[in-house]
$ cat coords-v2.txt   # compact mmCIF, C-alpha atoms and all ligand atoms
# COMPACT_ATOMS: atom_id res chain seq x y z
CA MET A 23 121.24 99.97 108.76
CA LEU A 24 120.53 103.47 107.42
CA GLU A 25 123.25 105.36 105.57
CA ILE A 26 123.02 108.93 104.32
CA GLN A 27 125.51 109.68 101.56
CA HIS A 28 126.27 113.25 100.47
CA LEU A 29 122.67 114.35 100.81
CA ALA A 30 121.78 117.77 99.41
CA VAL A 31 118.34 119.37 99.69
CA ALA A 32 117.29 122.76 98.30
CA TYR A 33 114.21 124.94 98.42
CA GLY A 34 114.35 126.72 95.07
CA SER A 35 117.93 127.86 94.65
CA ARG A 36 118.68 127.78 98.41
CA ARG A 37 120.55 124.70 99.60
CA VAL A 38 119.29 124.12 103.11
CA ILE A 39 121.30 120.90 103.39
CA PRO A 40 124.44 121.28 101.28
CA ASP A 41 126.24 117.95 101.77
CA LEU A 42 125.37 115.70 104.69
CA SER A 43 126.60 112.17 105.31
CA VAL A 44 125.93 109.76 108.17
CA ALA A 45 127.83 106.49 108.08
CA GLY A 46 125.28 104.23 109.70
CA LEU A 47 122.31 104.22 112.05
CA ARG A 48 121.72 100.75 113.40
CA GLU A 49 118.47 98.85 113.86
CA GLY A 50 117.19 98.65 117.42
CA THR A 51 118.48 102.13 118.26
CA VAL A 52 116.83 105.49 118.86
CA THR A 53 118.76 108.44 117.41
CA SER A 54 118.02 112.01 118.44
CA LEU A 55 118.33 114.68 115.77
CA LEU A 56 119.36 117.90 117.50
CA GLY A 57 120.01 121.46 116.36
CA PRO A 58 118.67 124.98 116.69
CA ASN A 59 115.57 126.39 114.99
CA GLY A 60 115.90 126.49 111.24
CA SER A 61 118.96 124.21 111.13
CA GLY A 62 117.30 121.74 108.76
CA LYS A 63 116.05 118.96 111.06
CA SER A 64 112.55 118.74 109.57
CA THR A 65 113.96 119.11 106.07
CA LEU A 66 116.31 116.18 106.71
CA LEU A 67 113.50 114.01 108.06
CA LYS A 68 111.25 114.87 105.10
CA ALA A 69 114.08 114.10 102.68
CA LEU A 70 114.62 110.70 104.34
CA ALA A 71 110.88 110.07 104.06
CA GLY A 72 110.86 111.02 100.38
CA LEU A 73 108.57 114.00 100.97
CA THR A 74 111.09 116.60 99.83
CA ARG A 75 113.01 116.33 96.60
CA ILE A 76 116.64 115.38 97.04
CA ALA A 77 119.01 117.42 94.88
CA GLU A 78 121.94 115.05 95.30
CA GLY A 79 123.03 112.04 97.29
CA ARG A 80 121.60 108.73 98.43
CA VAL A 81 119.63 107.39 101.37
CA VAL A 82 120.47 103.71 101.75
CA LEU A 83 118.30 101.49 103.93
CA ASP A 84 119.45 97.90 104.37
CA GLY A 85 121.56 98.20 101.23
CA GLU A 86 118.72 99.60 99.11
CA ASP A 87 118.79 103.14 97.71
CA LEU A 88 115.52 104.69 98.91
CA THR A 89 115.85 107.62 96.53
CA ARG A 90 115.36 105.15 93.67
CA ALA A 91 112.96 102.80 95.45
CA SER A 92 109.35 102.37 94.38
CA PHE A 93 106.65 104.27 96.23
CA GLU A 94 105.34 100.96 97.58
CA LEU A 95 108.65 99.91 99.10
CA ARG A 96 109.20 103.30 100.63
CA ALA A 97 105.69 103.45 102.05
CA ARG A 98 106.12 100.01 103.59
CA LYS A 99 109.51 100.65 105.13
CA VAL A 100 109.39 104.30 106.16
CA VAL A 101 106.92 106.09 108.42
CA TYR A 102 107.14 109.81 109.04
CA LEU A 103 105.19 111.60 111.76
CA PRO A 104 105.08 115.37 111.11
CA GLN A 105 105.23 118.07 113.79
CA SER A 106 101.48 118.50 113.64
CA LEU A 107 98.75 116.31 112.25
CA PRO A 108 96.18 117.68 109.79
CA ALA A 109 93.77 119.93 111.71
CA ALA A 110 90.42 118.44 110.75
CA VAL A 111 90.28 114.65 110.61
CA HIS A 112 86.77 113.50 111.40
CA LEU A 113 87.61 109.89 112.19
CA ARG A 114 87.36 108.05 115.45
CA VAL A 115 90.71 107.37 117.13
CA PHE A 116 90.32 103.63 116.76
CA GLU A 117 89.39 103.78 113.05
CA SER A 118 92.28 106.10 112.29
CA VAL A 119 94.82 103.66 113.76
CA LEU A 120 93.20 100.69 112.04
CA VAL A 121 93.24 102.58 108.73
CA ALA A 122 96.92 103.44 109.22
CA ALA A 123 97.71 99.78 109.94
CA ASN A 124 95.78 98.35 107.04
CA ALA A 125 96.43 101.15 104.57
CA SER A 126 95.83 99.46 101.28
CA VAL A 127 97.66 102.09 99.22
CA ALA A 128 99.63 99.85 96.91
CA GLY A 129 100.45 97.38 99.64
CA ALA A 130 101.86 99.99 101.99
CA GLY A 131 100.13 98.61 105.05
CA ARG A 132 101.06 95.64 107.20
CA GLY A 133 97.69 94.10 106.51
CA GLU A 134 95.76 91.84 108.88
CA VAL A 135 96.21 94.02 111.93
CA GLY A 136 93.46 93.06 114.30
CA ILE A 137 91.22 95.04 116.61
CA ALA A 138 92.96 93.63 119.70
CA GLU A 139 96.37 94.84 118.55
CA VAL A 140 95.08 98.37 117.92
CA GLN A 141 93.37 98.53 121.31
CA ALA A 142 96.49 97.14 123.04
CA LEU A 143 98.69 99.82 121.47
CA LEU A 144 96.24 102.60 122.38
CA ASP A 145 96.22 101.23 125.94
CA ARG A 146 100.02 101.17 126.08
CA LEU A 147 100.08 104.80 124.98
CA GLY A 148 97.55 105.65 127.68
CA VAL A 149 94.79 106.67 125.26
CA GLY A 150 92.74 103.46 125.17
CA HIS A 151 89.84 105.27 126.81
CA LEU A 152 89.72 107.68 123.86
CA ALA A 153 89.28 104.95 121.23
CA MET A 154 85.71 105.96 120.29
CA ARG A 155 86.30 109.73 120.39
CA PHE A 156 86.71 111.79 117.20
CA ILE A 157 90.30 112.93 116.61
CA ASP A 158 89.30 116.52 115.86
CA GLU A 159 87.74 116.75 119.33
CA LEU A 160 90.94 115.80 121.20
CA SER A 161 93.48 118.01 122.95
CA GLY A 162 96.85 118.72 121.31
CA GLY A 163 98.68 116.17 123.45
CA GLN A 164 96.01 113.52 122.92
CA LYS A 165 96.25 114.07 119.14
CA GLN A 166 100.01 113.67 119.34
CA LEU A 167 99.63 110.32 121.13
CA VAL A 168 97.15 109.14 118.49
CA GLY A 169 99.64 110.18 115.78
CA LEU A 170 102.25 108.05 117.50
CA ALA A 171 99.84 105.11 117.59
CA GLN A 172 99.23 105.53 113.83
CA ALA A 173 102.98 105.52 113.23
CA LEU A 174 103.88 102.63 115.55
CA ILE A 175 101.11 100.30 114.34
CA ARG A 176 102.70 100.34 110.87
CA ARG A 177 105.90 98.68 112.20
CA PRO A 178 108.16 100.38 109.69
CA ARG A 179 111.86 99.68 109.38
CA LEU A 180 112.62 103.41 109.57
CA LEU A 181 110.54 105.51 111.98
CA LEU A 182 110.94 109.28 111.63
CA LEU A 183 109.35 111.43 114.33
CA ASP A 184 109.40 115.23 114.19
CA GLU A 185 109.13 116.65 117.72
CA PRO A 186 106.64 114.01 118.90
CA LEU A 187 106.78 115.23 122.52
CA SER A 188 106.10 118.92 121.92
CA ALA A 189 102.51 118.84 123.23
CA LEU A 190 103.03 116.24 125.95
CA ASP A 191 103.27 116.79 129.70
CA LEU A 192 106.31 115.56 131.65
CA ASN A 193 104.77 112.23 132.52
CA TYR A 194 103.84 111.43 128.92
CA GLN A 195 107.21 112.60 127.58
CA PHE A 196 108.90 110.04 129.81
CA HIS A 197 106.35 107.35 129.07
CA VAL A 198 106.50 107.84 125.29
CA MET A 199 110.31 107.77 125.21
CA ASP A 200 110.31 104.52 127.20
CA LEU A 201 107.74 103.03 124.85
CA LEU A 202 109.66 104.15 121.76
CA ALA A 203 112.87 102.59 123.07
CA GLN A 204 111.04 99.34 123.75
CA GLU A 205 109.24 99.23 120.37
CA THR A 206 112.50 100.09 118.60
CA ARG A 207 114.43 97.31 120.33
CA GLU A 208 111.74 94.64 120.10
CA ASN A 209 110.90 95.25 116.44
CA ASP A 210 114.40 96.17 115.17
CA LEU A 211 113.34 99.64 114.06
CA ILE A 212 115.70 102.46 113.18
CA THR A 213 114.11 105.39 114.98
CA VAL A 214 115.14 109.00 114.37
CA ILE A 215 113.48 111.62 116.54
CA VAL A 216 113.79 115.40 116.40
CA LEU A 217 114.14 116.76 119.93
CA HIS A 218 114.67 120.21 121.39
CA ASP A 219 114.99 118.94 124.94
CA LEU A 220 118.64 117.94 125.31
CA ASN A 221 117.99 116.27 128.67
CA ILE A 222 115.56 113.88 127.02
CA ALA A 223 118.15 113.16 124.34
CA LEU A 224 120.76 112.47 127.03
CA ARG A 225 118.50 110.25 129.07
CA HIS A 226 116.46 108.39 126.48
CA THR A 227 118.34 108.04 123.18
CA ASP A 228 121.16 105.72 122.15
CA HIS A 229 122.78 107.92 119.55
CA ALA A 230 122.68 111.60 118.56
CA LEU A 231 123.22 113.77 115.50
CA MET A 232 123.66 117.51 115.93
CA ILE A 233 123.25 119.75 112.91
CA ARG A 234 123.68 123.44 112.23
CA SER A 235 122.92 125.16 108.92
CA GLY A 236 122.23 121.77 107.37
CA ALA A 237 125.69 120.41 108.23
CA LEU A 238 126.49 117.61 110.66
CA LEU A 239 128.48 119.11 113.54
CA ALA A 240 128.66 116.17 115.89
CA GLU A 241 127.67 112.52 115.98
CA GLY A 242 128.03 109.87 118.66
CA SER A 243 126.50 108.96 121.98
CA PRO A 244 124.31 111.78 123.35
CA ALA A 245 127.00 112.48 125.98
CA GLN A 246 129.63 112.85 123.25
CA VAL A 247 127.40 115.20 121.26
CA VAL A 248 125.90 117.40 123.98
CA THR A 249 128.94 119.12 125.47
CA SER A 250 129.97 122.60 126.65
CA GLN A 251 131.57 123.11 123.22
CA THR A 252 128.49 122.23 121.19
CA LEU A 253 126.19 124.13 123.56
CA ALA A 254 128.26 127.25 122.85
CA ALA A 255 128.87 126.67 119.15
CA VAL A 256 125.41 125.45 118.16
CA TYR A 257 123.03 126.99 120.69
CA GLY A 258 125.00 130.05 121.73
CA VAL A 259 124.80 129.27 125.44
CA ASP A 260 127.40 128.65 128.13
CA GLY A 261 126.56 125.40 129.85
CA ARG A 262 127.74 122.14 131.32
CA VAL A 263 126.63 118.55 131.28
CA GLU A 264 126.67 117.14 134.79
CA ALA A 265 125.54 113.92 136.43
CA CYS A 266 122.70 114.43 138.90
CA SER A 267 122.67 112.66 142.27
CA ARG A 268 121.14 109.59 140.62
CA GLY A 269 123.79 109.51 137.92
CA TYR A 270 121.71 110.80 134.99
CA LEU A 271 123.39 113.40 132.78
CA GLN A 272 121.73 116.80 132.70
CA VAL A 273 122.39 120.10 130.98
CA VAL A 274 122.96 123.10 133.24
CA ILE A 275 122.82 126.46 131.46
CA ASP A 276 124.91 129.29 132.93
CA GLY A 277 123.88 131.98 130.47
CA LEU A 278 124.14 133.21 126.92
CA HIS A 279 127.47 132.69 125.19
CA ARG A 280 129.09 135.98 124.23
CA ASP A 281 130.98 134.85 121.10
CA VAL A 282 128.13 133.22 119.21
CA ALA A 283 129.49 131.70 116.02
N1 LIG B 301 108.86 124.72 102.28
C1 LIG B 301 109.92 125.52 102.45
N2 LIG B 301 110.25 126.42 101.49
C2 LIG B 301 111.33 127.23 101.63
N3 LIG B 301 112.16 127.21 102.70
C3 LIG B 301 111.87 126.33 103.67
C4 LIG B 301 110.75 125.44 103.61
N4 LIG B 301 110.73 124.69 104.72
C5 LIG B 301 111.78 125.08 105.47
N5 LIG B 301 112.48 126.08 104.84
C6 LIG B 301 113.70 126.74 105.34
O1 LIG B 301 114.70 125.73 105.50
C7 LIG B 301 115.46 125.96 106.67
C8 LIG B 301 115.40 124.73 107.56
O2 LIG B 301 114.06 124.58 108.02
P1 LIG B 301 113.61 123.30 108.85
O3 LIG B 301 112.14 123.40 109.05
O4 LIG B 301 114.15 122.09 108.22
O5 LIG B 301 114.39 123.58 110.22
P2 LIG B 301 114.24 122.88 111.65
O6 LIG B 301 115.62 122.61 112.13
O7 LIG B 301 113.31 121.72 111.58
O8 LIG B 301 113.62 124.07 112.49
P3 LIG B 301 112.66 124.08 113.82
O9 LIG B 301 113.50 123.54 114.96
O10 LIG B 301 112.38 125.54 113.98
O11 LIG B 301 111.44 123.25 113.54
C9 LIG B 301 114.89 127.23 107.32
O12 LIG B 301 115.70 128.31 106.97
C10 LIG B 301 113.50 127.35 106.71
O13 LIG B 301 113.14 128.71 106.62
$ encode --input "coords-v2.txt" --output "structure tokens"
Amino acid sequence: MLEIQHLAVAYGSRRVIPDLSVAGLREGTVTSLLGPNGSGKSTLLKALAGLTRIAEGRVVLDGEDLTRASFELRARKVVYLPQSLPAAVHLRVFESVLVAANASVAGAGRGEVGIAEVQALLDRLGVGHLAMRFIDELSGGQKQLVGLAQALIRRPRLLLLDEPLSALDLNYQFHVMDLLAQETRENDLITVIVLHDLNIALRHTDHALMIRSGALLAEGSPAQVVTSQTLAAVYGVDGRVEACSRGYLQVVIDGLHRDVA
């Protein structure tokens, strides 16, 4: 279980997240973190990962306060995948995933992850054929899939993914979300994923958080969170959530909302 208690994060004197609490994100579930540009999604993820200083509050994972935890514990339990990977990494895909798995930094890695497991994960992500290619020679989408492999091979307790689908085509978006749901369920992960595509949140995530100006505006099932009201209040658009002929919920946008809050 992950609890966020009165979290405050500032850049200099500006509090980007003034006071945010989330009662509990359960293991085995994928939570989408939604909100407009600049609302504090990446800042929240970085704060959970311990990459941004927390001004106030606590992040409690399985009863343990991560803000006071050792670097080793945090590195073992939490994996954060940023929006974009470092530009120039001259490692082969395979090595990079093996290094991530066996990272020896103060016991942060799982250790003893074998070649077969790395290749199997690359295959499941559809990039097995790229194993011997250099990362800095891959396309944007291929790099994103390799980043996901590096994150998943670590088997963290808390998996934080910042827009991991942004460079992926429709087929891969679907495939990756299916894979994430499966990995999350099978390995009891708590997965939090920043998404801009509300239809993907509706279709593929178990739980949703919607934030605006660093404050939590709605929390619940994606269908409870993505509504006409939140579309207007948070995104400034008039829209509806309707079931398509196959029963999946989808957002239909009618136009810009005139009374943007
Ligand atoms: N390193 C930084 N220093 C100062 N201000 C920052 C820094 N990073 C982000 N901010 C500011 O904090 C606010 C929240 O930014 P953040 O990147 O968390 O938003 P976001 O919801 O992830 O946005 P997007 O959807 O555009 O990626 C913005 O106003 C941004 O300008």
$ residues_near_ligand --input "coords-v2.txt" --ligand "ligand LIG 301 (chain B)" --cutoff "6 Å" --atoms "only C-alpha atoms and all ligand atoms" --output "PDB file with C-alpha atoms, in the frame of the given file"
ATOM      1  CA  TYR A  33     114.210 124.940  98.420  1.00  0.00           C
ATOM      2  CA  VAL A  38     119.290 124.120 103.110  1.00  0.00           C
ATOM      3  CA  PRO A  58     118.670 124.980 116.690  1.00  0.00           C
ATOM      4  CA  ASN A  59     115.570 126.390 114.990  1.00  0.00           C
ATOM      5  CA  GLY A  60     115.900 126.490 111.240  1.00  0.00           C
ATOM      6  CA  SER A  61     118.960 124.210 111.130  1.00  0.00           C
ATOM      7  CA  GLY A  62     117.300 121.740 108.760  1.00  0.00           C
ATOM      8  CA  LYS A  63     116.050 118.960 111.060  1.00  0.00           C
ATOM      9  CA  SER A  64     112.550 118.740 109.570  1.00  0.00           C
ATOM     10  CA  THR A  65     113.960 119.110 106.070  1.00  0.00           C
TER      11      THR A  65
END
$ closest_residue --input "coords-v2.txt" --among "A:Gln27, A:Leu95, A:Leu83, A:Thr51" --to "A:His226" --atoms "all atoms listed in the file"
A:Thr51
$ residues_near_point --input "coords-v2.txt" --point "(104.2, 101.3, 112.8)" --cutoff "10 Å" --atoms "only C-alpha atoms" --output "PyMOL selection string"
chain A and resi 98-102+119+122-123+131-132+170-181+205+209+211
$ axis_aligned_box --input "coords-v2.txt" --around "stretch 250-261 of chain A" --padding-each-side "8 Å" --output "JSON"
{"center_x": 127.3, "center_y": 126.1, "center_z": 124.0, "size_x": 24.5, "size_y": 23.8, "size_z": 27.7}
$ residues_around --input "coords-v2.txt" --residues "A:Val82" --least-positions-apart "2" --cutoff "9 Å" --atoms "all atoms listed in the file" --output "MDAnalysis selection string"
chainID A and resid 23:27 80 84:89
$ closest_residue --input "coords-v2.txt" --among "A:Glu208, A:Val44, A:Ser54, A:Leu152" --to "A:Ala245" --atoms "all atoms listed in the file"
A:Ser54
$ atom_distance --input "coords-v2.txt" --atom1 "atom CA of A:Arg234" --atom2 "atom CA of A:Val248"
13.4 Å
$ closest_residue --input "coords-v2.txt" --among "A:Leu239, A:Leu29, A:Leu220, A:Val168" --to "A:Arg75" --atoms "only C-alpha atoms"
A:Leu29
$ atom_distance --input "coords-v2.txt" --atom1 "atom CA of A:Arg262" --atom2 "atom CA of A:Leu187"
23.8 Å
$ closest_residue --input "coords-v2.txt" --among "A:Leu190, A:Leu147, A:Ile212, A:Ala237" --to "A:Gly46" --atoms "only C-alpha atoms"
A:Ile212
$ residues_around --input "coords-v2.txt" --residues "A:Gln251" --least-positions-apart "4" --cutoff "10 Å" --atoms "all atoms listed in the file" --output "PyMOL selection string"
chain A and resi 247+255-262
$ residues_around --input "coords-v2.txt" --residues "A:Arg146" --least-positions-apart "4" --cutoff "12 Å" --atoms "only C-alpha atoms" --output "PDB file with C-alpha atoms, in the coordinates of the input"
ATOM      1  CA  GLU A 139      96.370  94.840 118.550  1.00  0.00           C
ATOM      2  CA  VAL A 140      95.080  98.370 117.920  1.00  0.00           C
ATOM      3  CA  GLN A 141      93.370  98.530 121.310  1.00  0.00           C
ATOM      4  CA  ALA A 142      96.490  97.140 123.040  1.00  0.00           C
ATOM      5  CA  GLY A 150      92.740 103.460 125.170  1.00  0.00           C
ATOM      6  CA  HIS A 151      89.840 105.270 126.810  1.00  0.00           C
ATOM      7  CA  LEU A 167      99.630 110.320 121.130  1.00  0.00           C
ATOM      8  CA  VAL A 168      97.150 109.140 118.490  1.00  0.00           C
ATOM      9  CA  LEU A 170     102.250 108.050 117.500  1.00  0.00           C
ATOM     10  CA  ALA A 171      99.840 105.110 117.590  1.00  0.00           C
ATOM     11  CA  LEU A 174     103.880 102.630 115.550  1.00  0.00           C
ATOM     12  CA  ILE A 175     101.110 100.300 114.340  1.00  0.00           C
ATOM     13  CA  TYR A 194     103.840 111.430 128.920  1.00  0.00           C
ATOM     14  CA  HIS A 197     106.350 107.350 129.070  1.00  0.00           C
ATOM     15  CA  VAL A 198     106.500 107.840 125.290  1.00  0.00           C
ATOM     16  CA  ASP A 200     110.310 104.520 127.200  1.00  0.00           C
ATOM     17  CA  LEU A 201     107.740 103.030 124.850  1.00  0.00           C
ATOM     18  CA  LEU A 202     109.660 104.150 121.760  1.00  0.00           C
ATOM     19  CA  GLN A 204     111.040  99.340 123.750  1.00  0.00           C
ATOM     20  CA  GLU A 205     109.240  99.230 120.370  1.00  0.00           C
TER      21      GLU A 205
END
$ closest_residue --input "coords-v2.txt" --among "A:Ala240, A:Ala138, A:Val81, A:Leu56" --to "A:Asn221" --atoms "all atoms listed in the file"
A:Leu56
$ closest_residue --input "coords-v2.txt" --among "A:Val115, A:Ile215, A:Val273, A:Ala69" --to "A:Thr252" --atoms "only C-alpha atoms"
A:Val273
$ atom_distance --input "coords-v2.txt" --atom1 "atom CA of A:Ser118" --atom2 "atom CA of A:Ile157"
8.3 Å
$ residues_around --input "coords-v2.txt" --residues "A:Asp210" --least-positions-apart "4" --cutoff "7 Å" --atoms "all atoms listed in the file" --output "list in words"
Glu49, Gly50 and Thr206 of chain A
